[in-house]
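Participant: Got a structure here, written out as structure tokens. Questions coming.
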Amino acid sequence: MPSNWLYIDTNFPSFTQKESDGEKIETMQDYLFMLVEQLRYTLRNLDLKNMNKAAAEGFVKTITQPIYAEIKNAEGSITQLGVTADGLAARISSAEGNITQLGVTADGLAARISSAEGNITQLGVTADGLAARISSAEGNITQLGATADGLAARISDAEGNITQLGATANGLSARISSNEGSITNLTVDVNGIRTQVSGKINSSEAQTLIDQSLNGITLSATSGESGTIFKLMYDGAVLASTGSVDLYVDAVNVYGTLTAERLQGSSIRILDDDGNRCGYIYSTYASSADTKIEIDSDAIELGGDDGSVFIGSRWDRSTKAYYASIEVDGYSQEVQIKGDVIPNADATYSLGSRNFVWDAIYCSTDTLNGSDRNIKNSIEALPEKYVRMFDLVEPKRYKLNSGTSGRFHTGFIAQEVEDAMRACGIDSQEFAGWARAQREDGSKTYFLRYSEFIPILWAKVREQEKRLKRLEGTT
């Protein structure tokens with residue numbers, strides 16, 4: 001620490017003109033700070049003990065007046081210094097136009113450094129905080145503010161792009177905007193993280209949002225009236241979109257309830273747990289409507305564990321019922337059909353089979369059998385051997401092994417009809433009223449078409465009628 005003013009005077013900066021402007025400015029700043037420290041030291045240790053009264057009185061008169069100093073050199077560099085009771089002011093400039101300004105008061109410190117190119121750095125320091133501003137000749141600006149409450153920064157360029165940052169004990173916020181109007185906002189605090197990006201897509205306002213908190217994560221993207229929102233929460237997930245959602249993955253496993261208002265796809269493949277194909281669901285053209293749903297698989301099972309299986313067609317709004325329907329009721333063990341049951345081909349399919357026959361058929365009228373001449377061939381009179389077969393068949397009464405009522409039935413025994421046919425020389429090709437079939441287990445079962453016996457009975461009655469007329473003498 002210098003102890004006298006002579007030291008300060010002899011150490012006044014001198015330059016060889018080889019120094020750069022920055023080196024000159026740094027040297028002058030060091031000298032100024034040394035000068036301030038010397039003033040503080042001198043004034044702090046100055047009292048009446050180290051000077052006579054007259055000198056003290058003269059010195060007091062001297063230091064109560066402001067001090068102004070200016071130092072120039074031949075190159076045009078200037079250093080200016082002003083010291084008053086309010087504070088200290090200094091200005092250092094070079095011939096090239098570089099300027100450093102410093103102001104010190106009891107409230108704080110202010111500094112400004114500018115270059116000949118137009119670059120400027122400004123600094124302000126008070127007890128409340130720090131403020132800094134750095135600008136370039138091109139128009140780029142960086143601003144920084146720091147207080148005990150937090151930090152604020154703003155960076156902008158000549159094109160209008162701006163980045164703003166704020167940090168406090170509660171959290172962090174950032175905002176980035178472009179001259180086209182695009183904006184990105186980021187907020188981070190103890191409640192979570194929120195990111196929002198907004199701008200325009202084809203003249204429509206658009207934005208994307210990411211909101212993460214302890215309750216979950218929300219993702220959204222909107223443009224005009226269109227948008228998609230995805231919420232992932234601890235108790236479930238929600239996905240809503242005005243458009244389509246495409247998933248390009250090997251597999252999607254859903255363990256729980258999958259609810260959807262719409263399922264779109266012209267072809268949907270269904271796989272088992274091992275990835276093997278089980279079938280397809282198609283959306284195709286229908287002959288009775290614009291489209292239909294087609295389910296294709298090696299086998300299909302429809303079941304109602306605790307209710308009916310229902311299939312309906314063409315809803316009637318007035319009666320609130322289908323025009324035609326099929327209902328399978330497991331409780332009553334019935335299949336209820338509303339509408340006519342019609343095969344899609346003429347004289348092709350059977351009702352029942354050799355292995356499984358119907359127990360009973362309930363009708364309000366008798367069955368109608370096709371008897372049009374146009375559907376028949378090889379038409380001829382009934383041979384006599386059919387009438388003789390009739391005499392060999394004895395009607396019986398019997399009970400059915402599968403019956404539950406215990407009631408007697410009347411009819412014929414198919415094996416006895418077979419014996420009568422054999423005795424009359426009639427084979428199975430000549431009489432369709434008798435049939436024999438082999439079951440899947442290898443056993444044989446017999447059937448009779450009782451309607452085929454009516455013509456034989458008719459012939460027998462006619463024969464009896466002729467005989468009766470001969471006996472009565474009338475021909």
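Order determines the names: the first chain of the structure tokens is A, the second B, and so forth; residues in each chain are numbered 1 upward, and ligands are numbered 1 upward as they are shown.
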Could you pull the residues within 8 Å of Val197 of chain A, counting only C-alpha atoms, minus those fewer than 5 positions along the same chain, as a list in words?

Facilitator: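 In the requested format, the answer is Ser182, Ile183, Thr184, Asn185, Gln207, Thr208 and Leu209 of chain A.
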
Participant: Go through segment 220-304 of chain A and flag each residue having an atom no more than 12 Å from segment 317-340 of chain A; for those, report the closest pair of atoms plus their distance in Å to one decimal, using only C-alpha atoms, ordered by chain and rising number, as CSV.

Facilitator:
residue,atom,partner,partner_atom,distance
A:Leu302,CA,A:Val328,CA,10.2
A:Gly303,CA,A:Val328,CA,9.1
A:Gly304,CA,A:Gly330,CA,8.1

Participant: Excluding same-chain residues fewer than 5 positions from Gln438 of chain A, what lies within 12 Å of it counting only C-alpha atoms, as number ranges by chain?

Facilitator: A: 353-356, 443-447

Participant: So that I can check the surroundings of Tyr450 of chain A, please list as a ChimeraX atom specification every protein, DNA and RNA residue that reaches within 10 Å of it, counting only C-alpha atoms and ignoring chain neighbours fewer than 6 positions away.

Facilitator: /A:411-412,433-434

Participant: Ranking A:Thr284, A:Val417, A:Ser402, A:Cys363 by minimum distance to Met389 of chain A and counting only C-alpha atoms, which one comes first?

Facilitator: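 Comparing A:Thr284, A:Val417, A:Ser402, A:Cys363 against Met389 of chain A, the winner is A:Val417.
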